[in-house]
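Okay, query08.txt now, which holds compact mmCIF, C-alpha atoms:
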# COMPACT_ATOMS: atom_id res chain seq x y z
CA MET S 1 98.89 62.94 143.74
CA THR S 2 101.52 64.23 146.16
CA ASN S 3 101.24 67.79 144.85
CA GLN S 4 97.47 67.75 145.06
CA SER S 5 97.55 66.50 148.67
CA SER S 6 100.06 69.14 149.69
CA THR S 7 98.03 71.99 148.19
CA GLN S 8 94.88 70.72 149.87
CA ASP S 9 96.75 70.52 153.15
CA GLN S 10 97.81 74.14 152.64
CA ALA S 11 94.19 75.08 151.99
CA ALA S 12 93.23 73.40 155.25
CA GLN S 13 95.83 75.50 157.01
CA ASP S 14 94.53 78.66 155.29
CA ALA S 15 90.91 78.02 156.20
CA PRO S 16 91.19 78.42 159.97
CA SER S 17 93.08 81.68 159.52
CA SER S 18 89.97 83.17 157.95
CA GLY S 19 87.99 82.65 161.12
CA ARG S 20 85.22 81.06 159.06
CA PRO S 21 83.70 77.62 159.74
CA ALA S 22 83.98 74.90 157.12
CA ARG S 23 81.22 75.16 154.52
CA GLN S 24 79.23 72.38 152.97
CA ALA S 25 79.62 71.76 149.26
CA ALA S 26 77.42 73.86 147.05
CA GLY S 27 74.27 72.08 146.03
CA PRO S 28 71.24 72.76 143.83
CA GLY S 29 69.73 76.15 144.56
CA ARG S 30 72.65 77.26 146.80
CA ARG S 31 75.34 79.65 145.63
CA ALA S 32 78.94 78.52 146.08
CA THR S 33 81.02 80.54 148.52
CA ILE S 34 84.48 82.01 148.22
CA TRP S 35 85.71 79.50 150.82
CA GLU S 36 84.51 76.59 148.71
CA VAL S 37 86.32 78.04 145.69
CA ALA S 38 89.46 78.39 147.81
CA LYS S 39 89.25 74.79 149.00
CA ALA S 40 88.70 73.47 145.46
CA ALA S 41 91.66 75.50 144.16
CA GLY S 42 93.92 74.64 147.07
CA VAL S 43 94.49 78.26 148.09
CA SER S 44 93.33 80.64 150.79
CA HIS S 45 90.18 82.71 150.45
CA GLN S 46 92.40 85.83 150.49
CA THR S 47 94.08 84.53 147.33
CA VAL S 48 90.68 84.05 145.69
CA SER S 49 89.85 87.65 146.62
CA ARG S 50 93.03 88.78 144.89
CA TYR S 51 92.00 86.78 141.82
CA LEU S 52 88.58 88.45 141.79
CA ARG S 53 90.32 91.85 141.92
CA ASN S 54 92.36 90.89 138.82
CA ASP S 55 95.63 91.12 140.73
CA SER S 56 98.30 91.11 138.01
CA LYS S 57 100.99 89.89 140.43
CA MET S 58 99.45 86.44 140.87
CA ARG S 59 101.25 83.42 139.46
CA PRO S 60 99.70 82.02 136.25
CA GLU S 61 99.36 78.52 137.72
CA THR S 62 97.43 79.93 140.69
CA VAL S 63 95.15 81.90 138.38
CA ALA S 64 94.51 78.75 136.32
CA ARG S 65 93.56 76.70 139.41
CA ILE S 66 91.19 79.35 140.71
CA SER S 67 89.64 79.87 137.27
CA SER S 68 88.99 76.15 137.04
CA ALA S 69 87.39 76.10 140.50
CA VAL S 70 85.22 79.13 139.68
CA ARG S 71 83.93 77.41 136.53
CA GLU S 72 83.41 74.07 138.23
CA LEU S 73 81.43 75.54 141.12
CA ASP S 74 79.70 78.18 138.94
CA TYR S 75 80.84 80.76 141.49
CA ARG S 76 79.55 84.32 141.21
CA PRO S 77 80.69 87.03 143.62
CA ASN S 78 77.97 88.56 145.77
CA LEU S 79 78.51 92.16 144.68
CA THR S 80 75.72 93.51 146.85
CA ALA S 81 77.23 92.02 150.01
CA ARG S 82 80.69 93.20 149.07
CA SER S 83 79.37 96.70 148.40
CA MET S 84 77.68 96.80 151.83
CA ARG S 85 80.90 95.63 153.51
CA THR S 86 83.40 97.80 151.70
CA ARG S 87 81.25 100.54 150.13
CA ARG S 88 82.83 99.43 146.87
CA SER S 89 80.98 97.50 144.19
CA GLY S 90 83.85 97.17 141.71
CA ARG S 91 81.47 98.32 138.98
CA VAL S 92 81.34 101.43 136.82
CA ALA S 93 78.69 102.48 134.34
CA VAL S 94 79.49 103.81 130.85
CA LEU S 95 76.77 105.97 129.36
CA LEU S 96 76.39 106.06 125.56
CA PRO S 97 74.06 107.95 123.25
CA ALA S 98 71.32 105.86 121.68
CA VAL S 99 72.92 105.86 118.20
CA ALA S 100 75.87 103.53 117.58
CA THR S 101 78.39 103.92 114.74
CA TYR S 102 81.95 102.90 113.83
CA GLY S 103 83.74 104.59 116.72
CA PRO S 104 81.94 103.40 119.89
CA PRO S 105 83.16 99.76 119.87
CA GLN S 106 86.75 100.98 119.66
CA ILE S 107 86.23 103.57 122.38
CA LEU S 108 84.61 100.95 124.61
CA SER S 109 87.53 98.58 124.06
CA GLY S 110 89.84 101.27 125.41
CA VAL S 111 87.51 101.93 128.34
CA MET S 112 87.36 98.23 129.19
CA GLU S 113 91.12 97.77 128.97
CA VAL S 114 91.81 100.41 131.62
CA ALA S 115 88.83 99.34 133.75
CA HIS S 116 89.96 95.72 133.82
CA GLU S 117 93.55 96.73 134.54
CA HIS S 118 92.25 98.28 137.76
CA GLY S 119 89.78 95.53 138.66
CA TYR S 120 86.51 97.19 137.59
CA THR S 121 83.55 95.62 135.82
CA ILE S 122 81.90 97.70 133.08
CA GLU S 123 78.17 98.14 132.46
CA ALA S 124 77.52 99.97 129.18
CA LEU S 125 74.15 101.71 128.92
CA SER S 126 72.54 103.38 125.92
CA VAL S 127 70.04 106.09 126.85
CA GLU S 128 67.32 107.50 124.60
CA GLY S 129 66.60 111.20 124.65
CA GLY S 130 68.73 114.31 124.93
CA PRO S 131 71.26 115.62 127.45
CA ALA S 132 68.60 116.37 130.11
CA GLN S 133 67.20 112.83 130.08
CA ARG S 134 70.74 111.47 130.02
CA PHE S 135 71.67 113.48 133.10
CA GLU S 136 68.64 112.17 134.99
CA ARG S 137 69.85 108.65 134.24
CA VAL S 138 73.34 109.57 135.50
CA LEU S 139 71.82 110.81 138.77
CA GLU S 140 69.84 107.58 139.15
CA LEU S 141 72.96 105.49 138.59
CA ALA S 142 75.06 107.55 140.99
CA ASP S 143 72.38 107.35 143.70
CA SER S 144 71.76 103.62 143.25
CA GLY S 145 74.82 102.55 145.23
CA GLN S 146 75.42 99.82 142.64
CA VAL S 147 78.28 101.58 140.83
CA GLU S 148 81.35 103.39 142.07
CA GLY S 149 81.52 105.73 139.12
CA VAL S 150 79.81 106.83 135.91
CA LEU S 151 81.65 107.63 132.68
CA ALA S 152 79.49 109.63 130.25
CA LEU S 153 80.68 109.39 126.64
CA ALA S 154 77.89 111.72 125.53
CA PRO S 155 77.10 115.37 126.28
CA LEU S 156 75.36 116.35 129.52
CA PRO S 157 73.66 119.72 130.12
CA PRO S 158 76.08 122.59 130.89
CA GLU S 159 74.20 123.36 134.10
CA SER S 160 74.85 119.82 135.37
CA GLU S 161 78.53 120.54 135.98
CA HIS S 162 78.17 121.32 139.70
CA ARG S 163 75.18 119.06 140.43
CA PHE S 164 76.99 115.73 140.56
CA PRO S 165 76.15 113.81 143.74
CA ASP S 166 78.82 112.63 146.18
CA ARG S 167 77.64 109.02 146.08
CA ALA S 168 79.62 108.11 142.92
CA ALA S 169 82.38 109.68 140.87
CA ILE S 170 81.21 111.07 137.52
CA VAL S 171 83.41 111.91 134.55
CA VAL S 172 82.11 113.40 131.30
CA SER S 173 84.09 112.82 128.10
CA ALA S 174 81.85 114.23 125.39
CA ASP S 175 83.79 113.33 122.23
CA TYR S 176 80.54 112.74 120.34
CA ASP S 177 77.29 114.64 119.98
CA ASP S 178 73.82 113.18 120.61
CA GLU S 179 73.94 111.25 117.32
CA PHE S 180 77.49 109.98 117.94
CA ARG S 181 79.03 112.35 115.42
CA GLY S 182 82.59 113.24 116.34
CA VAL S 183 83.15 116.66 117.91
CA GLY S 184 86.11 118.37 119.55
CA GLU S 185 89.38 116.54 118.89
CA LEU S 186 87.61 114.02 116.67
CA ALA S 187 86.58 116.84 114.33
CA ASP S 188 90.18 117.98 113.86
CA GLY S 189 90.95 117.97 110.14
CA SER S 190 94.61 119.01 110.38
CA PRO S 191 96.00 115.77 108.82
CA VAL S 192 94.44 116.92 105.54
CA ALA S 193 97.08 119.66 105.42
CA ASP S 194 99.83 117.05 105.76
CA LEU S 195 98.27 114.95 102.98
CA VAL S 196 98.06 117.90 100.60
CA GLU S 197 101.53 119.22 101.44
CA ARG S 198 103.23 115.85 100.89
CA LEU S 199 101.43 115.26 97.59
CA ALA S 200 102.32 118.80 96.50
CA GLU S 201 105.97 117.94 97.18
CA LEU S 202 105.51 115.03 94.76
CA GLY S 203 104.40 117.46 92.05
CA HIS S 204 100.62 117.44 92.37
CA ARG S 205 98.92 120.74 91.55
CA ARG S 206 95.32 119.77 90.76
CA PHE S 207 93.53 118.59 93.91
CA LEU S 208 89.91 117.70 94.63
CA HIS S 209 88.24 117.07 97.98
CA ILE S 210 85.11 114.89 98.17
CA THR S 211 83.44 115.61 101.52
CA GLY S 212 81.42 113.58 103.95
CA ALA S 213 77.96 114.72 105.02
CA LEU S 214 78.43 118.31 106.15
CA ASP S 215 76.12 118.00 109.15
CA PHE S 216 79.13 116.25 110.72
CA ALA S 217 81.64 118.58 112.35
CA SER S 218 84.40 116.20 111.23
CA ALA S 219 83.38 116.56 107.57
CA ARG S 220 83.35 120.35 107.86
CA GLY S 221 86.73 120.31 109.60
CA ARG S 222 88.36 118.27 106.83
CA ARG S 223 86.83 120.46 104.14
CA ASP S 224 87.92 123.68 105.82
CA VAL S 225 91.51 122.50 106.28
CA PHE S 226 91.61 121.38 102.63
CA VAL S 227 90.46 124.77 101.37
CA GLU S 228 92.83 126.68 103.65
CA THR S 229 95.81 124.51 102.66
CA ILE S 230 95.16 124.76 98.92
CA GLU S 231 94.91 128.54 99.18
CA ARG S 232 97.97 128.81 101.43
CA LEU S 233 100.09 126.81 98.97
CA GLY S 234 98.84 128.85 96.02
CA LEU S 235 97.17 125.83 94.40
CA GLY S 236 93.68 127.34 94.31
CA PRO S 237 90.94 127.77 93.74
CA ALA S 238 90.14 124.85 96.02
CA ARG S 239 87.88 122.32 94.32
CA VAL S 240 85.34 120.67 96.62
CA ILE S 241 82.44 118.32 95.86
CA GLU S 242 79.92 117.76 98.64
CA SER S 243 78.99 114.12 99.23
CA ASP S 244 77.55 111.91 101.97
CA TRP S 245 80.32 109.51 103.13
CA SER S 246 79.04 106.80 100.77
CA ALA S 247 81.07 104.93 98.16
CA GLU S 248 78.34 105.52 95.57
CA GLY S 249 78.30 109.27 96.19
CA ALA S 250 82.08 109.50 95.69
CA ARG S 251 81.96 107.23 92.63
CA ALA S 252 79.27 109.40 91.03
CA ALA S 253 81.35 112.52 91.72
CA VAL S 254 84.35 111.03 89.89
CA LEU S 255 82.25 109.85 86.95
CA ALA S 256 80.85 113.38 86.56
CA LEU S 257 84.28 115.08 86.38
CA PRO S 258 85.17 116.72 83.05
CA GLU S 259 88.11 115.15 81.24
CA GLU S 260 89.93 118.44 80.83
CA ASP S 261 91.90 119.75 83.80
CA ARG S 262 90.94 116.72 85.86
CA PRO S 263 92.53 116.32 89.31
CA THR S 264 95.68 114.29 89.85
CA ALA S 265 94.95 113.83 93.57
CA ILE S 266 91.65 113.31 95.36
CA ILE S 267 91.36 113.67 99.14
CA ALA S 268 88.30 111.66 100.18
CA ALA S 269 86.70 112.32 103.58
CA SER S 270 86.51 108.60 104.41
CA ASP S 271 87.89 105.24 103.35
CA VAL S 272 84.45 104.22 102.09
CA GLY S 273 84.38 107.33 99.91
CA ALA S 274 87.93 106.61 98.73
CA ALA S 275 86.85 103.12 97.61
CA GLY S 276 84.13 104.75 95.51
CA VAL S 277 86.70 107.16 94.04
CA ILE S 278 88.95 104.25 93.03
CA LEU S 279 86.06 102.37 91.41
CA GLY S 280 84.92 105.45 89.49
CA ALA S 281 88.47 106.18 88.35
CA ARG S 282 88.90 102.64 87.03
CA GLU S 283 85.60 102.89 85.17
CA ARG S 284 87.06 105.94 83.43
CA GLY S 285 90.25 104.07 82.59
CA TRP S 286 92.46 105.90 85.10
CA SER S 287 95.10 103.97 86.99
CA ILE S 288 95.81 104.37 90.71
CA PRO S 289 98.27 105.96 91.50
CA GLY S 290 99.63 106.29 87.94
CA ASP S 291 96.93 108.75 86.83
CA LEU S 292 95.34 109.62 90.15
CA SER S 293 96.46 109.55 93.79
CA VAL S 294 93.72 108.82 96.34
CA THR S 295 93.58 109.17 100.12
CA GLY S 296 90.90 108.20 102.66
CA TRP S 297 90.26 108.54 106.38
CA ASP S 298 89.42 106.07 109.23
CA ASN S 299 91.92 103.25 108.53
CA ASN S 300 89.13 100.81 107.72
CA GLN S 301 90.82 97.40 107.90
CA LEU S 302 89.80 96.61 104.32
CA GLY S 303 91.92 99.51 103.06
CA ALA S 304 95.10 97.48 103.64
CA TYR S 305 93.73 94.79 101.30
CA LEU S 306 92.48 96.93 98.43
CA GLN S 307 94.43 96.97 95.19
CA PRO S 308 96.28 99.24 95.48
CA THR S 309 96.38 99.52 99.27
CA LEU S 310 94.84 102.76 100.52
CA THR S 311 96.63 105.75 102.05
CA THR S 312 94.52 106.79 105.02
CA VAL S 313 94.35 108.50 108.42
CA HIS S 314 94.20 106.25 111.47
CA VAL S 315 92.03 107.65 114.28
CA ASP S 316 92.87 106.16 117.65
CA HIS S 317 89.39 105.86 119.18
CA ARG S 318 90.83 103.45 121.75
CA LYS S 319 93.05 106.22 123.03
CA LEU S 320 89.98 108.33 123.76
CA GLY S 321 88.38 105.48 125.68
CA ARG S 322 91.54 104.73 127.65
CA ALA S 323 92.07 108.39 128.54
CA ALA S 324 88.45 108.84 129.64
CA MET S 325 88.49 105.72 131.83
CA ALA S 326 91.89 106.68 133.28
CA ARG S 327 90.34 109.99 134.39
CA LEU S 328 87.53 108.13 136.15
CA VAL S 329 89.95 105.68 137.80
CA ALA S 330 92.11 108.61 138.97
CA THR S 331 88.98 110.12 140.55
CA LEU S 332 88.07 106.83 142.23
CA ARG S 333 91.63 106.11 143.34
CA PRO S 334 93.42 109.44 143.66
CA ASP S 335 97.01 108.26 143.85
CA PRO S 336 99.96 108.61 141.44
CA GLY S 337 99.81 105.05 140.16
CA THR S 338 96.31 104.99 138.67
CA SER S 339 96.10 107.78 136.14
CA SER S 340 98.02 106.44 133.17
CA GLY S 341 97.14 102.88 132.16
CA THR S 342 98.98 103.30 128.86
CA GLY S 343 102.13 101.96 127.32
CA PRO S 344 104.91 103.26 125.10
CA ALA S 345 104.28 106.00 122.58
CA SER S 346 103.19 105.05 119.06
CA ALA S 347 105.15 105.77 115.91
CA SER S 348 105.06 109.29 114.55
CA GLY S 349 103.93 110.10 111.04
CA ALA S 350 106.77 112.51 110.33
CA GLY S 351 109.01 111.71 107.41
CA ALA S 352 106.92 108.91 105.92
CA ASP S 353 107.44 108.28 102.21
CA PRO S 354 104.18 107.98 100.22
CA ARG S 355 105.71 106.07 97.29
CA PRO S 356 103.99 102.88 96.07
CA ASP S 357 106.86 100.66 97.26
CA GLN S 358 105.75 101.16 100.86
CA GLY S 359 103.69 97.96 100.75
CA ARG S 360 100.89 97.55 103.28
CA GLY S 361 101.74 100.81 105.01
CA SER S 362 104.80 102.77 105.98
CA ILE S 363 103.38 103.65 109.42
CA ALA S 364 101.64 100.97 111.43
CA PRO S 365 98.65 102.16 113.48
CA PRO S 366 99.10 102.08 117.23
CA GLY S 367 98.43 98.64 118.68
CA PRO S 368 96.77 97.71 121.97
CA GLY S 369 98.23 99.57 124.92
CA THR S 370 100.68 101.64 122.85
CA THR S 371 99.21 105.12 123.11
CA THR S 372 100.01 107.81 125.63
CA ALA S 373 98.35 111.08 126.52
CA ASP S 374 100.75 112.98 124.25
CA ALA S 375 100.58 110.52 121.32
CA PRO S 376 98.70 111.85 118.27
CA LEU S 377 95.04 110.98 117.95
CA ASN S 378 95.38 110.97 114.14
CA THR S 379 98.23 109.28 112.25
CA ILE S 380 98.68 109.21 108.47
CA ILE S 381 99.40 105.77 107.01
CA TRP S 382 100.98 106.13 103.57
CA ARG S 383 100.28 103.24 101.22
CA GLU S 384 100.21 102.41 97.52
CA SER S 385 97.26 104.58 96.41
CA THR S 386 99.45 107.73 96.45
CA GLY S 387 102.51 108.53 94.37
CA PRO S 388 104.22 111.19 92.25
CA VAL S 389 102.24 113.32 89.84
CA PRO S 390 101.69 111.53 86.49
CA ALA S 391 104.12 112.41 83.72
CA THR S 392 102.68 114.65 81.01
So, in terms of structure tokens, how does the structure I just supplied come out?
Amino acid sequence: MTNQSSTQDQAAQDAPSSGRPARQAAGPGRRATIWEVAKAAGVSHQTVSRYLRNDSKMRPETVARISSAVRELDYRPNLTARSMRTRRSGRVAVLLPAVATYGPPQILSGVMEVAHEHGYTIEALSVEGGPAQRFERVLELADSGQVEGVLALAPLPPESEHRFPDRAAIVVSADYDDEFRGVGELADGSPVADLVERLAELGHRRFLHITGALDFASARGRRDVFVETIERLGLGPARVIESDWSAEGARAAVLALPEEDRPTAIIAASDVGAAGVILGARERGWSIPGDLSVTGWDNNQLGAYLQPTLTTVHVDHRKLGRAAMARLVATLRPDPGTSSGTGPASASGAGADPRPDQGRGSIAPPGPGTTTADAPLNTIIWRESTGPVPAT
């Protein structure tokens, strides 16, 4: 009881310093005020303001008391009033294409991490239509006064580059096309060369690539790197079967292979396709990796629990989201301390051993907050589905 009385006494001392009169307790139909939250938590209203800005320097016990008071009083900040006072709403909008796939949730998690680190609330919006309609929505958001910035994770028209209004900061990070198919860095297929080269070092000479749907730039990039690498290493002609990302398409491709001169290593364009390859191979009586080495792409979490565990390529979508949001924060707060928002570098893929005794994976994918601007977007994770060429 003594501690509670002393903190309430401190709150009473804090209250006059605000210059605000005492407020009546919140009742039905009336929104609680920041001063009432402060009184209930036994702190000053300035401390509550720091809490609402996600100040990382606050003591955990203070945060717990304020959180409890906020819940008890059902307190909600008046963002409109704060925006009128400070010209800052603490909110940013994230614009997405209308089509959602595997990558967006991971990208958004990276966006939200950096936004919350700097005290911003995120509003994610999905907009129908093409780049022109999307840009009109960006202009509406920027002119509304309700957001401080707009982060577009989808393409905008080229002519929009110099038409951004001054009312809100706008950053475009178009890593996906209008149907959320990866473009730019996401379409980089260079890890395929590393996969082929390492397996060639283990004695493999007969390779096959089973593609994803070739209307995806990423599928074309992986195919092109495969063909170039096979030809560069003198292992050609490069054998490629066009598929559609599906497990069934990859399974059917394996079942249709002739028995003579069959591949000893298959590079699948995705983990889902790799799962189909493994099923088809087992139906033909081939063991993995004894008769056939298999690789995938995407680091689908189920790949670490397949039997055998799947060699794959981890794509750090979170890194893209963190980098994009860091650019927007740096625009909103142009000072040296706001442009990073990332932690230590992740492990490199160099020198990993693809032998089956590597267990769940010889390279762990980057965890939360462990990527930097110069860390690789793509990292190979060698697991049990790859090994030396089968003995003849």
Quick one: pull the distance between CA of Arg65 in chain S and CA of Glu117 in chain S, Å, one decimal.
20.6 Å
Leaving out Thr295 in chain S and any residue of its chain fewer than 2 positions from it, which residues lie within 10 Å of it when counting all atoms listed in the file, given as a list in words?
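Neighbouring residues, sequence-local ones excluded: Val192, Leu195, Val196, His209, Ala265, Ile266, Ile267, Ala268, Ala269, Ser270, Asp271, Gly273, Ala274, Ala275, Val277, Ile278, Ser293, Trp297, Leu310, Thr311, Thr312, Val313, Ile380, Ile381, Trp382, Arg383, Glu384, Ser385 and Thr386 of chain S.
Taking CA of Gln301 in chain S and CA of Leu108 in chain S as the two end points, the separation is 18.2 Å.
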Quick one: residues within 12 Å of Phe207 in chain S, all atoms listed in the file counted, chain neighbours fewer than 6 positions away excluded, as an NGL selection string?
:S and (192 or 195-197 or 199-200 or 226-227 or 229-231 or 233-241 or 261-268 or 292-295 or 389)
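Taking CA of Val225 in chain S and CA of Ala187 in chain S as endpoints, the distance between them is 11.0 Å.
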Selection: 10 Å around Leu151 in chain S, all atoms listed in the file, excl. self and same-chain fewer than 4 positions, as a list in words
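Once the nearby chain positions are removed, what remains is Val92, Ala93, Val94, Leu95, Leu96, Val111, Ile122, Ala124, Val138, Ala169, Ile170, Val171, Val172, Ser173, Ala174, Gly321, Ala324, Met325, Arg327, Leu328 and Val329 of chain S.
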Mind checking which residues fall within 10 Å of Val48 in chain S, counting all atoms listed in the file, ignoring those fewer than 4 positions away in the same chain, and posting them as a CSV table (one decimal) with C-alpha atoms, keeping the file's coordinate frame?
chain,number,residue,atom,x,y,z
S,34,ILE,CA,84.5,82.0,148.2
S,35,TRP,CA,85.7,79.5,150.8
S,37,VAL,CA,86.3,78.0,145.7
S,38,ALA,CA,89.5,78.4,147.8
S,39,LYS,CA,89.2,74.8,149.0
S,41,ALA,CA,91.7,75.5,144.2
S,43,VAL,CA,94.5,78.3,148.1
S,44,SER,CA,93.3,80.6,150.8
S,52,LEU,CA,88.6,88.4,141.8
S,53,ARG,CA,90.3,91.8,141.9
S,54,ASN,CA,92.4,90.9,138.8
S,55,ASP,CA,95.6,91.1,140.7
S,62,THR,CA,97.4,79.9,140.7
S,63,VAL,CA,95.2,81.9,138.4
S,66,ILE,CA,91.2,79.4,140.7
S,67,SER,CA,89.6,79.9,137.3
S,70,VAL,CA,85.2,79.1,139.7
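Excluding Ala217 in chain S itself and same-chain residues fewer than 2 positions from it, the residues having an atom within 8 Å of it are Arg181, Gly182, Val183, Ala187, Leu214, Asp215, Ala219, Arg220 and Gly221 of chain S, counting only C-alpha atoms.
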Across S:Gly42, S:Gly212, S:Glu113, S:Ala32, the smallest distance to Asp74 in chain S, with only C-alpha atoms counted, is shown by S:Ala32
Using only the atoms of range 140-148 of chain S listed in the file, plus 3 Å on each side, state the axis-aligned box centre and edge lengths in Å rounded to one decimal, as JSON.
{"center_x": 75.6, "center_y": 103.7, "center_z": 141.9, "size_x": 17.5, "size_y": 13.8, "size_z": 12.6}
